[in-house]
Amino acid sequence: MRPTMSDPSAATPNSSATPGVDAAVELGLTPAEYALIVEKMGREPNEVELAVFSLLWSEHCSYKHSKKLLGTLPTTGPKVVMGPGENAGAVDVGHGLAIAFKVESHNHPSAVEPFQGAATGVGGILRDIFAIGARPIAVLDSLRFGEPTSERSRYLLDGAVQGIGHYGNSIGVPNIGGEVYFEHPYEQNCLVNAMALGMAETDRMIRSAAAGIGNVVVLFGASTGRDGIGGASVLASAEFGEDDPDKRPTVQVGDPFEESKLLECSLELLERELLVSLQDLGAAGLTSSSAEMASKGEVGVDLDMSKVPLREPGMAPWEIMISESQERMLCVVEPAQVDAVLTVCEKWEVHGTAIGSVTDTGHLRVFDGDELVGDMPVPALVDDCPLYDLEPAKPEGGAPTIYDAPAATLDHDVSDPGVTLLALLGSPNIASRKPLFQQYDCLVQSRTVRRPEQADAAVLMLPRGGAIAVSIDGNGRRVAADPYRGTMENVLECAANLACAGAEPLGLTNCLNFGNPEKPHIAWQLTESIRGLGEACRALDAPVVGGNVSLYNESAGGPIYPTPVVGLVGELPDPAYAGRSGFAREGDTIALVGPFAPFLPGSELSKLRGEPLPDGLEHVDLEGAKAAHAAVRDAVRAGAIASAHDIAEGGLLVAVAEAALFGGLGATLQLPLDDFADPDRLLFGESPGRGFIVSGDAAALEALRERTPVTVLGTVGGDALSVDTGATSFAVTLAELREAHGALAPLFP
Amino acid sequence: MKFGVLQFPGSCDERDAVDACARVGEAELLWHRDPDLKGVDAVVVPGGFSYGDYLRAGAIARFSPAMESVIAFADAGGPVLGICNGFQVLCEAGLLPGALLRNVSLRFHCEQIGVEVVNADTAWTRAASPGERLSIPTKHGEGRFYAPNLDELEANGQVVFRYAPGENPNGSERDVAGVCNLQRNVVGLMPHPEHAVDTLTGSTDGLKLFASAVAAIATH
């Protein structure tokens with residue numbers, strides 16, 4: 001008798017053809033991993049089973065090179081509602097509401113096809129958010145490309161920005177912030193990270209664990225095609241070679257209209273309490289979603305491939321199992337509720353199809369009609385992938401031995417600080433992002449209290465009072481110079497952005513973009529970076545509630561800069577007191593606030609001068625920074641100061657110029673440079689996350705001195721930035737600053 | 001006074017429109033498949049990407065059962081406002097003249113801009129003054145108004161809104177931002193007044209449009 005879905009004794013699939021170890025190696029497994037699979041299965045896997053194993057044991061799904069390190073991060077705290085392991089993390093914001101958020105990479109697909117790669121990156125992260133029952137309320141993005149002098153970088157930038165805008169704008173989720181940097185190590189491996197936030201009633205959030213033997217597994221959303229077969233999971237688990245264009249068919253294609261319907265349908269199903277559990281289909285499609293649901297529920301799942309609605313005829317069961325067609329969800333439903341679920345699907349014009357059931361077998365069994373075509377123990381799929389210890393080794397000489405010095409674009413002999421300032425303001429990493437963010441809808445859903453360039457962090461008001469602030473940050477060049485301290489600075493800078501808006505961190509998400517961890521110098525970057533991340537998160541009481549790892553970002557030209565990207569969500573009590581970056585009132589006093597300790601090595605100016613990366617950065621004063629953040633945050637919340645802007649790339653003078661540009665008001669500064677052997681170090685040196693340019697009443701600024709260092713720099717007013725250093729003086733008009741700051745506009749003709 | 005806000009698959013700004021209307025009256029969503037307008041006094045066709053903007057922005061939504069009722073409602077003099085995608089739908093439905101073409105830049109553009117009220121004698125602008133400048137956000141990729149008979153529309157007073165000088169985001173001829181029908185009960189515009197109803201999010205100037213409809217109904 002042929003085994004059928006209703007026959008629990010079915011043990012061996014009919015298909016006996018076994019592709020063998022060579023095919024396994026071609027799919028990315030090692031011979032030792034293949035041997036382990038045979039041991040766990042008790043036999044050699046057939047075609048379907050090998051396809052499933054190769055994906056679930058890929059780096060992208062198994063985290064086999066990073067899981068042990070990620071275990072060192074702090075993940076708990078009083079505000080954490082959902083931590084790592086679910087589709088997204090979530091924090092409590094009071095009044096019965098939770099904010100879900102997560103950042104994820106779509107680097108490799110975007111390098112192959114930037115528009116669809118970036119668009120589906122947004123689509124995927126949004127599904128993670130509504131998969132836990134939260135309505136998406138915001139998107140942010142973090143992008144890295146080679147220098148814009150390269151035609152390929154401009155193509156990737158334009159495509160990625162249009163793709164992000166296309167998806168987010170069309171689905172009605174505001175894009176409220178982001179960052180983009182241009183550095184030569186990203187020339188062959190661009191980074192496209194997308195972060196999404198959602199809002200949910202805390203007691204209505206849903207998990208992904210399958211439960212209830214005999215319950216029905218329903219697939220809903222788009223039909224399944226061959227697009228993206230082995231896409232994210234395969235692309236993200238190996239270095240790029242010269243045959244990249246051949247990989248284009250493995251990039252998924254997104255349809256935001258389908259996702260919009262899927263979103264509303266999912267939220268209505270949850271609202272009506274029709275679901276037992278819910279999971280989105282991301283990388284590795286049905287394979288990973290069903291295996292994860294079964295694993296978390298410690299149950300088995302039977303799926304019938306012949307029931308899956310297909311976009312094209314003749315797809316083999318293994319293709320259906322691993323297709324990465326977008327805009328699909330999987331849910332578990334009690335049998336009595338199936339009709340009601342399908343009715344809601346019909347209302348939203350979304351395919352809904354019962355394709356399987358929850359079993360007590362502990363196995364993931366794949367059927368093609370009556371025929372059993374794959375049968376795998378769930379623990380072997382999800383838990384038994386070997387985890388590898390890295391073999392970190394810092395190369396002798398550090399960063400300069402891994403990365404070429406950047407090409408010089410500014411003469412080292414320039415001595416006029418006004419000229420240096422304009423060069424920095426017009427440099428690709430500092431110039432205004434307006435030509436990018438104006439392509440995104442930043443205000444749909446009517447919560448956006450602070451838009452890009454209004455404050456250092458985006459601010460969204462919440463329906464039952466209070467507000468949240470969000471920022472996303474990364475600084476690969478400094479992490480490359482010193483993975484440990486650079487990553488601490490990275491977290492500090494993100495938290496400083498929140499402080500400027502008046503917000504205190506609630507939780508952090510991260511995307512760790514690195515090269516090949518099997519190489520000792522990359523393992524060193526990853527290990528040290530995660531150590532710094534954990535230390536900074538503990539110091540700031542910002543638990544890590546979720547994240548993503550993107551490894552193997554390297555090509556023949558070498559690895560990317562190690563690029564942890566962190567997204568912080570914080571809270572502030574009253575949106576009416578959300579902070580602003582720009583100067584607000586003529587006559588206000590301007591002060592430097594915080595333990596600002598600037599150095600030039602690793603700075604933007606150092607990059608423009610073509611200097612090699614330093615081997616290590618200076619000490620990072622976490623406690624001093626934390627005190628400064630608290631002082632600024634409290635002053636913003638009290639309405640005691642008029643503006644606050646953190647000093648980041650380009651240093652002090654760039655931060656003052658930005659505050660002037662954002663506020664449309666000039667400034668007059670008296671800077672006592674006599675004490676500095678190198679004036680450039682004070683004016684343009686960097687000390688990320690530890691210094692702020694604050695404006696307001698002199699007395700209010702003076703009051704901060706009890707908690708953190710304060711140095712009065714000058715006064716707001718006029719239509720120029722005028723600086724008197726004692727020895728020399730210079731002035732740059734706002735119009736000149738604005739023109740320099742607008743340098744990216746020509747990239748988007 | 002009750003507003004109805006249409007909801008199509010792919011609508012984005014329908015909840016914002018309901019919230020904006022609720023600041024001056026009552027408001028509820030109207031489902032696209034339901035021809036019953038629930039006795040509302042005014043209809044808002046909101047922004048978004050109805051039916052994914054497939055075929056052409058607004059081209060599919062106009063055939064929905066609810067839109068058939070909206071056409072009859074408008075023909076009977078009921079106030080109808082189309083915002084952004086809703087403007088495109090009303091043009092496709094023949095309730096408003098002209099069409100919306102892709103922005104000259106060929107890019108989606110989002111910005112808070114100045115919008116001047118040209119005609120303050122419509123169902124949706126009577127609470128504003130002629131020449132008054134409103135701060136309202138705009139966000140679209142296909143908002144360049146085109147009509148072959150623009151002179152005629154101007155002569156009829158059918159140009160209701162213009163972008164402030166130098167702030168036209170899409171390259172529309174003569175900076176046209178919004179128009180009305182001959183009876184002046186149906187108005188469409190690309191900027192989003194429903195996103196300018198709260199000082200916290202940037203401006204309250206958009207409330208004038210919704211307050212106008214309340215006044216229009218009160219004097220009807």
# chains A, B, ... in the order shown; residues from 1 in each chain; ligands from 1
>>> residues_around(residues="A:Ala523", least_positions_apart="3", cutoff="10 Å", atoms="only C-alpha atoms", output="JSON list (two decimals) with N, CA and C atoms, in the first residue's frame")
[["chain", "number", "residue", "atom", "x", "y", "z"],
["A", 65, "HIS", "N", 27.85, 29.67, 11.81],
["A", 65, "HIS", "CA", 29.12, 30.32, 12.17],
["A", 65, "HIS", "C", 28.95, 31.47, 13.16],
["A", 66, "SER", "N", 27.73, 31.80, 13.53],
["A", 66, "SER", "CA", 27.56, 32.98, 14.39],
["A", 66, "SER", "C", 26.73, 32.70, 15.63],
["A", 389, "ASP", "N", 32.94, 26.58, 15.74],
["A", 389, "ASP", "CA", 33.74, 27.56, 16.45],
["A", 389, "ASP", "C", 34.57, 28.31, 15.42],
["A", 390, "LEU", "N", 34.62, 29.62, 15.57],
["A", 390, "LEU", "CA", 35.46, 30.40, 14.66],
["A", 390, "LEU", "C", 36.91, 30.30, 15.12],
["A", 391, "GLU", "N", 37.80, 30.62, 14.22],
["A", 391, "GLU", "CA", 39.22, 30.63, 14.59],
["A", 391, "GLU", "C", 39.76, 32.03, 14.37],
["A", 392, "PRO", "N", 39.38, 32.95, 15.28],
["A", 392, "PRO", "CA", 39.75, 34.35, 15.06],
["A", 392, "PRO", "C", 41.24, 34.58, 15.25],
["A", 393, "ALA", "N", 41.79, 35.42, 14.39],
["A", 393, "ALA", "CA", 43.18, 35.84, 14.56],
["A", 393, "ALA", "C", 43.32, 37.23, 13.99],
["A", 394, "LYS", "N", 43.77, 38.16, 14.82],
["A", 394, "LYS", "CA", 44.01, 39.51, 14.32],
["A", 394, "LYS", "C", 45.25, 39.50, 13.44],
["A", 514, "PHE", "N", 29.23, 40.96, 7.44],
["A", 514, "PHE", "CA", 30.67, 40.67, 7.49],
["A", 514, "PHE", "C", 31.08, 39.85, 6.27],
["A", 515, "GLY", "N", 32.38, 39.62, 6.16],
["A", 515, "GLY", "CA", 32.92, 38.77, 5.10],
["A", 515, "GLY", "C", 32.81, 37.30, 5.48],
["A", 516, "ASN", "N", 33.72, 36.52, 4.96],
["A", 516, "ASN", "CA", 33.71, 35.07, 5.14],
["A", 516, "ASN", "C", 34.28, 34.68, 6.51],
["A", 517, "PRO", "N", 33.43, 34.19, 7.42],
["A", 517, "PRO", "CA", 33.87, 33.94, 8.80],
["A", 517, "PRO", "C", 34.81, 32.75, 8.92],
["A", 518, "GLU", "N", 34.95, 32.01, 7.82],
["A", 518, "GLU", "CA", 35.87, 30.88, 7.89],
["A", 518, "GLU", "C", 37.32, 31.36, 7.77],
["A", 519, "LYS", "N", 37.51, 32.64, 7.45],
["A", 519, "LYS", "CA", 38.85, 33.21, 7.39],
["A", 519, "LYS", "C", 39.18, 33.85, 8.74],
["A", 520, "PRO", "N", 40.36, 33.61, 9.27],
["A", 520, "PRO", "CA", 40.68, 34.05, 10.63],
["A", 520, "PRO", "C", 40.53, 35.56, 10.86],
["A", 526, "LEU", "N", 34.45, 39.65, 13.49],
["A", 526, "LEU", "CA", 33.11, 39.27, 13.96],
["A", 526, "LEU", "C", 33.11, 39.08, 15.47],
["A", 527, "THR", "N", 34.12, 38.38, 15.96],
["A", 527, "THR", "CA", 34.19, 38.09, 17.39],
["A", 527, "THR", "C", 34.33, 39.37, 18.20],
["A", 528, "GLU", "N", 35.25, 40.24, 17.76],
["A", 528, "GLU", "CA", 35.48, 41.48, 18.50],
["A", 528, "GLU", "C", 34.29, 42.43, 18.40],
["A", 529, "SER", "N", 33.66, 42.44, 17.25],
["A", 529, "SER", "CA", 32.53, 43.33, 17.06],
["A", 529, "SER", "C", 31.37, 42.92, 17.98]]
>>> closest_atom_pairs(of="chain A", to="chain B", cutoff="8 Å", atoms="only C-alpha atoms", output="JSON lines")
{"residue": "A:Gly165", "atom": "CA", "partner": "B:Phe108", "partner_atom": "CA", "distance": 7.8}
{"residue": "A:Ser170", "atom": "CA", "partner": "B:Phe49", "partner_atom": "CA", "distance": 5.8}
{"residue": "A:Ile171", "atom": "CA", "partner": "B:Cys12", "partner_atom": "CA", "distance": 6.5}
{"residue": "A:Gly172", "atom": "CA", "partner": "B:Cys12", "partner_atom": "CA", "distance": 4.6}
{"residue": "A:Pro256", "atom": "CA", "partner": "B:Gly52", "partner_atom": "CA", "distance": 7.3}
{"residue": "A:Phe257", "atom": "CA", "partner": "B:Gly52", "partner_atom": "CA", "distance": 4.7}
{"residue": "A:Ser260", "atom": "CA", "partner": "B:Gly10", "partner_atom": "CA", "distance": 6.0}
{"residue": "A:Lys261", "atom": "CA", "partner": "B:Pro9", "partner_atom": "CA", "distance": 6.3}
{"residue": "A:Trp348", "atom": "CA", "partner": "B:Pro9", "partner_atom": "CA", "distance": 7.2}
{"residue": "A:Gln438", "atom": "CA", "partner": "B:Cys110", "partner_atom": "CA", "distance": 4.9}
{"residue": "A:Gln439", "atom": "CA", "partner": "B:His109", "partner_atom": "CA", "distance": 4.9}
{"residue": "A:Tyr440", "atom": "CA", "partner": "B:Cys110", "partner_atom": "CA", "distance": 6.3}
{"residue": "A:Asp441", "atom": "CA", "partner": "B:Cys110", "partner_atom": "CA", "distance": 5.7}
{"residue": "A:Cys442", "atom": "CA", "partner": "B:Cys110", "partner_atom": "CA", "distance": 7.4}
{"residue": "A:Leu443", "atom": "CA", "partner": "B:His195", "partner_atom": "CA", "distance": 7.4}
{"residue": "A:Val444", "atom": "CA", "partner": "B:Asp13", "partner_atom": "CA", "distance": 6.5}
{"residue": "A:Gln445", "atom": "CA", "partner": "B:Asp16", "partner_atom": "CA", "distance": 5.9}
{"residue": "A:Ser446", "atom": "CA", "partner": "B:His195", "partner_atom": "CA", "distance": 6.2}
{"residue": "A:Arg447", "atom": "CA", "partner": "B:Thr201", "partner_atom": "CA", "distance": 6.8}
{"residue": "A:Thr448", "atom": "CA", "partner": "B:Thr201", "partner_atom": "CA", "distance": 5.7}
{"residue": "A:Val449", "atom": "CA", "partner": "B:Thr201", "partner_atom": "CA", "distance": 4.6}
{"residue": "A:Arg450", "atom": "CA", "partner": "B:Thr201", "partner_atom": "CA", "distance": 7.5}
{"residue": "A:Pro575", "atom": "CA", "partner": "B:Leu200", "partner_atom": "CA", "distance": 7.3}
{"residue": "A:Ala576", "atom": "CA", "partner": "B:Leu200", "partner_atom": "CA", "distance": 6.5}
{"residue": "A:Pro749", "atom": "CA", "partner": "B:Ser105", "partner_atom": "CA", "distance": 7.5}
>>> residues_around(residues="B:Trp31", least_positions_apart="4", cutoff="9 Å", atoms="only C-alpha atoms", output="list in words")
Val5, Leu6, Gln7, Phe8, Pro35, Asp36, Leu37 and Ala66 of chain B
>>> closest_residue(among="B:Pro79, B:Gly171, B:Gly39, B:Gly58", to="B:Ile217", atoms="only C-alpha atoms")
B:Pro79
>>> residues_around(residues="A:Arg144", least_positions_apart="5", cutoff="9 Å", atoms="only C-alpha atoms", output="number ranges by chain")
A: 157, 179-183, 186-187, 189-193
>>> select_by_dssp(residues="chain B", states="helix (DSSP H, G or I)", output="PyMOL selection string")
chain B and resi 14-22+50-53+61-63+65-75+85-92+150-155+173-175+193-195+199-201+207-219
>>> residues_around(residues="A:Ala644", least_positions_apart="3", cutoff="6 Å", atoms="only C-alpha atoms", output="list in words")
Cys500, Ser581, Ile693 and Val694 of chain A
>>> select_by_dssp(residues="stretch 11-198 of chain B", states="strand (DSSP E or B)", output="compact mmCIF listing (two decimals) with N, CA, C and O atoms, in the first residue's frame")
# COMPACT_ATOMS: atom_id res chain seq x y z
N SER B 11 -5.50 50.63 -1.05
CA SER B 11 -5.57 51.98 -0.49
C SER B 11 -4.54 52.11 0.63
O SER B 11 -4.27 51.13 1.33
N GLU B 26 -18.46 63.01 11.73
CA GLU B 26 -18.35 61.56 11.87
C GLU B 26 -17.73 60.99 10.60
O GLU B 26 -17.82 61.62 9.54
N ALA B 27 -17.15 59.80 10.69
CA ALA B 27 -16.53 59.23 9.49
C ALA B 27 -16.50 57.72 9.59
O ALA B 27 -16.35 57.16 10.67
N GLU B 28 -16.68 57.06 8.44
CA GLU B 28 -16.54 55.60 8.42
C GLU B 28 -16.01 55.16 7.06
O GLU B 28 -16.09 55.87 6.06
N LEU B 29 -15.43 53.93 7.08
CA LEU B 29 -14.90 53.35 5.84
C LEU B 29 -16.04 52.74 5.03
O LEU B 29 -16.98 52.19 5.59
N LEU B 30 -15.96 52.84 3.72
CA LEU B 30 -16.92 52.22 2.81
C LEU B 30 -16.16 51.20 1.96
O LEU B 30 -15.20 51.55 1.28
N TRP B 31 -16.57 49.96 2.00
CA TRP B 31 -15.86 48.87 1.30
C TRP B 31 -16.16 48.92 -0.19
O TRP B 31 -17.31 49.09 -0.59
N ALA B 42 -20.95 63.10 2.68
CA ALA B 42 -19.84 63.47 1.80
C ALA B 42 -18.94 62.25 1.64
O ALA B 42 -18.84 61.42 2.55
N VAL B 43 -18.30 62.17 0.48
CA VAL B 43 -17.45 61.00 0.20
C VAL B 43 -16.02 61.46 -0.07
O VAL B 43 -15.80 62.43 -0.79
N VAL B 44 -15.06 60.74 0.55
CA VAL B 44 -13.65 60.96 0.26
C VAL B 44 -13.09 59.71 -0.42
O VAL B 44 -13.26 58.60 0.10
N VAL B 45 -12.49 59.90 -1.58
CA VAL B 45 -11.78 58.80 -2.23
C VAL B 45 -10.29 59.02 -1.90
O VAL B 45 -9.69 60.00 -2.35
N GLY B 48 -3.35 56.32 -2.13
CA GLY B 48 -2.82 54.96 -2.06
C GLY B 48 -2.51 54.43 -3.43
O GLY B 48 -2.25 55.19 -4.37
N VAL B 80 -17.85 65.32 -3.09
CA VAL B 80 -16.89 64.23 -3.24
C VAL B 80 -15.49 64.83 -3.35
O VAL B 80 -15.27 65.76 -4.13
N LEU B 81 -14.56 64.29 -2.57
CA LEU B 81 -13.16 64.75 -2.62
C LEU B 81 -12.26 63.58 -2.99
O LEU B 81 -12.32 62.52 -2.37
N GLY B 82 -11.44 63.78 -4.00
CA GLY B 82 -10.45 62.76 -4.37
C GLY B 82 -9.06 63.26 -4.03
O GLY B 82 -8.66 64.34 -4.44
N ILE B 83 -8.33 62.47 -3.24
CA ILE B 83 -6.99 62.87 -2.82
C ILE B 83 -5.97 61.94 -3.48
O ILE B 83 -6.05 60.73 -3.30
N ALA B 99 -6.29 64.39 -16.62
CA ALA B 99 -5.65 63.13 -16.25
C ALA B 99 -4.36 63.45 -15.51
O ALA B 99 -3.86 64.57 -15.58
N LEU B 100 -3.84 62.47 -14.79
CA LEU B 100 -2.59 62.65 -14.05
C LEU B 100 -1.50 61.81 -14.71
O LEU B 100 -1.65 60.59 -14.86
N LEU B 101 -0.42 62.46 -15.09
CA LEU B 101 0.68 61.78 -15.78
C LEU B 101 1.86 61.63 -14.82
O LEU B 101 1.89 62.23 -13.74
N HIS B 109 7.95 61.61 -5.31
CA HIS B 109 8.50 62.75 -4.58
C HIS B 109 7.60 63.06 -3.39
O HIS B 109 6.39 63.20 -3.53
N CYS B 110 8.22 63.19 -2.21
CA CYS B 110 7.48 63.47 -0.97
C CYS B 110 8.04 64.73 -0.33
O CYS B 110 9.24 64.81 -0.06
N GLU B 111 7.18 65.74 -0.11
CA GLU B 111 7.66 66.99 0.49
C GLU B 111 6.48 67.81 1.02
O GLU B 111 5.40 67.78 0.44
N GLN B 112 6.72 68.50 2.10
CA GLN B 112 5.74 69.47 2.60
C GLN B 112 5.86 70.71 1.73
O GLN B 112 6.95 71.29 1.62
N ILE B 113 4.76 71.14 1.09
CA ILE B 113 4.87 72.26 0.16
C ILE B 113 3.74 73.27 0.42
O ILE B 113 2.82 73.01 1.17
N GLY B 114 3.85 74.40 -0.28
CA GLY B 114 2.80 75.40 -0.22
C GLY B 114 1.79 75.16 -1.34
O GLY B 114 2.17 74.90 -2.48
N VAL B 115 0.50 75.24 -1.00
CA VAL B 115 -0.56 75.05 -1.98
C VAL B 115 -1.48 76.26 -1.89
O VAL B 115 -1.98 76.58 -0.80
N GLU B 116 -1.71 76.95 -3.01
CA GLU B 116 -2.55 78.14 -3.01
C GLU B 116 -3.98 77.80 -3.42
O GLU B 116 -4.19 77.08 -4.40
N VAL B 117 -4.93 78.35 -2.68
CA VAL B 117 -6.34 78.16 -3.01
C VAL B 117 -6.69 79.15 -4.11
O VAL B 117 -6.60 80.36 -3.91
N ARG B 133 -2.57 80.54 1.27
CA ARG B 133 -1.54 79.54 1.05
C ARG B 133 -1.58 78.51 2.17
O ARG B 133 -1.47 78.86 3.35
N LEU B 134 -1.75 77.24 1.82
CA LEU B 134 -1.82 76.16 2.80
C LEU B 134 -0.53 75.36 2.78
O LEU B 134 0.05 75.13 1.71
N SER B 135 -0.08 74.92 3.96
CA SER B 135 1.08 74.03 4.04
C SER B 135 0.57 72.60 4.12
O SER B 135 -0.02 72.19 5.12
N ILE B 136 0.78 71.84 3.05
CA ILE B 136 0.23 70.49 2.93
C ILE B 136 1.31 69.59 2.31
O ILE B 136 2.00 70.02 1.39
N PRO B 137 1.44 68.35 2.78
CA PRO B 137 2.42 67.48 2.14
C PRO B 137 1.91 66.91 0.82
O PRO B 137 0.71 66.73 0.63
N THR B 138 2.85 66.63 -0.05
CA THR B 138 2.52 65.98 -1.31
C THR B 138 3.42 64.77 -1.43
O THR B 138 4.56 64.78 -0.98
N LYS B 139 2.91 63.68 -2.01
CA LYS B 139 3.71 62.46 -2.15
C LYS B 139 3.11 61.61 -3.24
O LYS B 139 2.06 61.01 -3.08
N HIS B 140 3.76 61.59 -4.39
CA HIS B 140 3.25 60.81 -5.51
C HIS B 140 4.29 60.69 -6.61
O HIS B 140 5.26 61.44 -6.65
N ARG B 144 1.25 64.74 -12.35
CA ARG B 144 1.34 65.88 -13.27
C ARG B 144 0.01 66.03 -13.99
O ARG B 144 -0.30 65.30 -14.92
N PHE B 145 -0.77 67.03 -13.54
CA PHE B 145 -2.10 67.23 -14.12
C PHE B 145 -2.00 67.64 -15.57
O PHE B 145 -1.19 68.49 -15.93
N TYR B 146 -2.82 67.01 -16.40
CA TYR B 146 -2.84 67.35 -17.81
C TYR B 146 -4.29 67.45 -18.27
O TYR B 146 -5.10 66.57 -17.97
N VAL B 159 -9.97 75.37 -11.87
CA VAL B 159 -8.67 75.15 -11.21
C VAL B 159 -8.82 75.62 -9.76
O VAL B 159 -9.02 76.80 -9.50
N VAL B 160 -8.77 74.69 -8.83
CA VAL B 160 -9.06 74.98 -7.43
C VAL B 160 -7.79 75.25 -6.63
O VAL B 160 -7.76 76.08 -5.73
N PHE B 161 -6.72 74.50 -6.94
CA PHE B 161 -5.45 74.65 -6.20
C PHE B 161 -4.28 74.77 -7.18
O PHE B 161 -4.28 74.12 -8.23
N ARG B 162 -3.29 75.59 -6.77
CA ARG B 162 -2.03 75.66 -7.51
C ARG B 162 -0.89 75.47 -6.51
O ARG B 162 -0.99 75.88 -5.35
N TYR B 163 0.19 74.85 -6.97
CA TYR B 163 1.39 74.80 -6.15
C TYR B 163 1.96 76.21 -6.02
O TYR B 163 1.91 76.98 -6.98
N VAL B 176 -0.88 73.53 -11.72
CA VAL B 176 -2.18 73.06 -11.25
C VAL B 176 -2.00 71.90 -10.27
O VAL B 176 -1.31 70.93 -10.57
N ALA B 177 -2.63 72.04 -9.10
CA ALA B 177 -2.54 70.99 -8.07
C ALA B 177 -3.87 70.30 -7.83
O ALA B 177 -3.91 69.18 -7.33
N GLY B 178 -4.98 70.99 -8.19
CA GLY B 178 -6.29 70.39 -7.96
C GLY B 178 -7.35 71.08 -8.78
O GLY B 178 -7.22 72.26 -9.11
N VAL B 179 -8.40 70.34 -9.14
CA VAL B 179 -9.47 70.88 -9.98
C VAL B 179 -10.83 70.43 -9.44
O VAL B 179 -10.91 69.58 -8.56
N CYS B 180 -11.90 71.04 -10.00
CA CYS B 180 -13.24 70.61 -9.62
C CYS B 180 -14.10 70.42 -10.87
O CYS B 180 -13.68 70.77 -11.98
N VAL B 186 -17.51 68.30 -6.74
CA VAL B 186 -16.47 67.26 -6.81
C VAL B 186 -15.12 67.94 -6.99
O VAL B 186 -14.93 68.72 -7.93
N VAL B 187 -14.20 67.66 -6.07
CA VAL B 187 -12.87 68.28 -6.11
C VAL B 187 -11.82 67.17 -6.01
O VAL B 187 -12.01 66.19 -5.27
N GLY B 188 -10.75 67.33 -6.77
CA GLY B 188 -9.63 66.40 -6.66
C GLY B 188 -8.34 67.17 -6.54
O GLY B 188 -8.20 68.25 -7.14
N LEU B 189 -7.39 66.67 -5.75
CA LEU B 189 -6.08 67.33 -5.65
C LEU B 189 -5.01 66.29 -5.36
O LEU B 189 -5.30 65.24 -4.77
N ASP B 198 -2.81 68.20 12.13
CA ASP B 198 -2.29 68.14 13.50
C ASP B 198 -0.96 68.88 13.55
O ASP B 198 -0.05 68.56 12.76
>>> atom_distance(atom1="atom CA of A:Asp370", atom2="atom CA of A:Ala210")
23.1 Å
>>> residues_around(residues="stretch 93-108 of chain A", least_positions_apart="5", cutoff="6 Å", atoms="only C-alpha atoms", output="list in words")
Ala88, Gly121, Leu191, Val192, Asn193, Ala194, Met195, Ala196, Leu197, Gly198, Met199, Ala200, Glu201, Thr202, Leu235, Ala236, Thr509, Cys511, Gly547 and Asn548 of chain A
>>> residues_around(residues="A:Gly369", least_positions_apart="5", cutoff="8 Å", atoms="only C-alpha atoms", output="number ranges by chain")
A: 304-307
>>> atom_distance(atom1="atom CA of B:Arg174", atom2="atom CA of A:Ala743")
29.4 Å
>>> atom_distance(atom1="atom CA of A:Ile641", atom2="atom CA of A:Val620")
26.5 Å
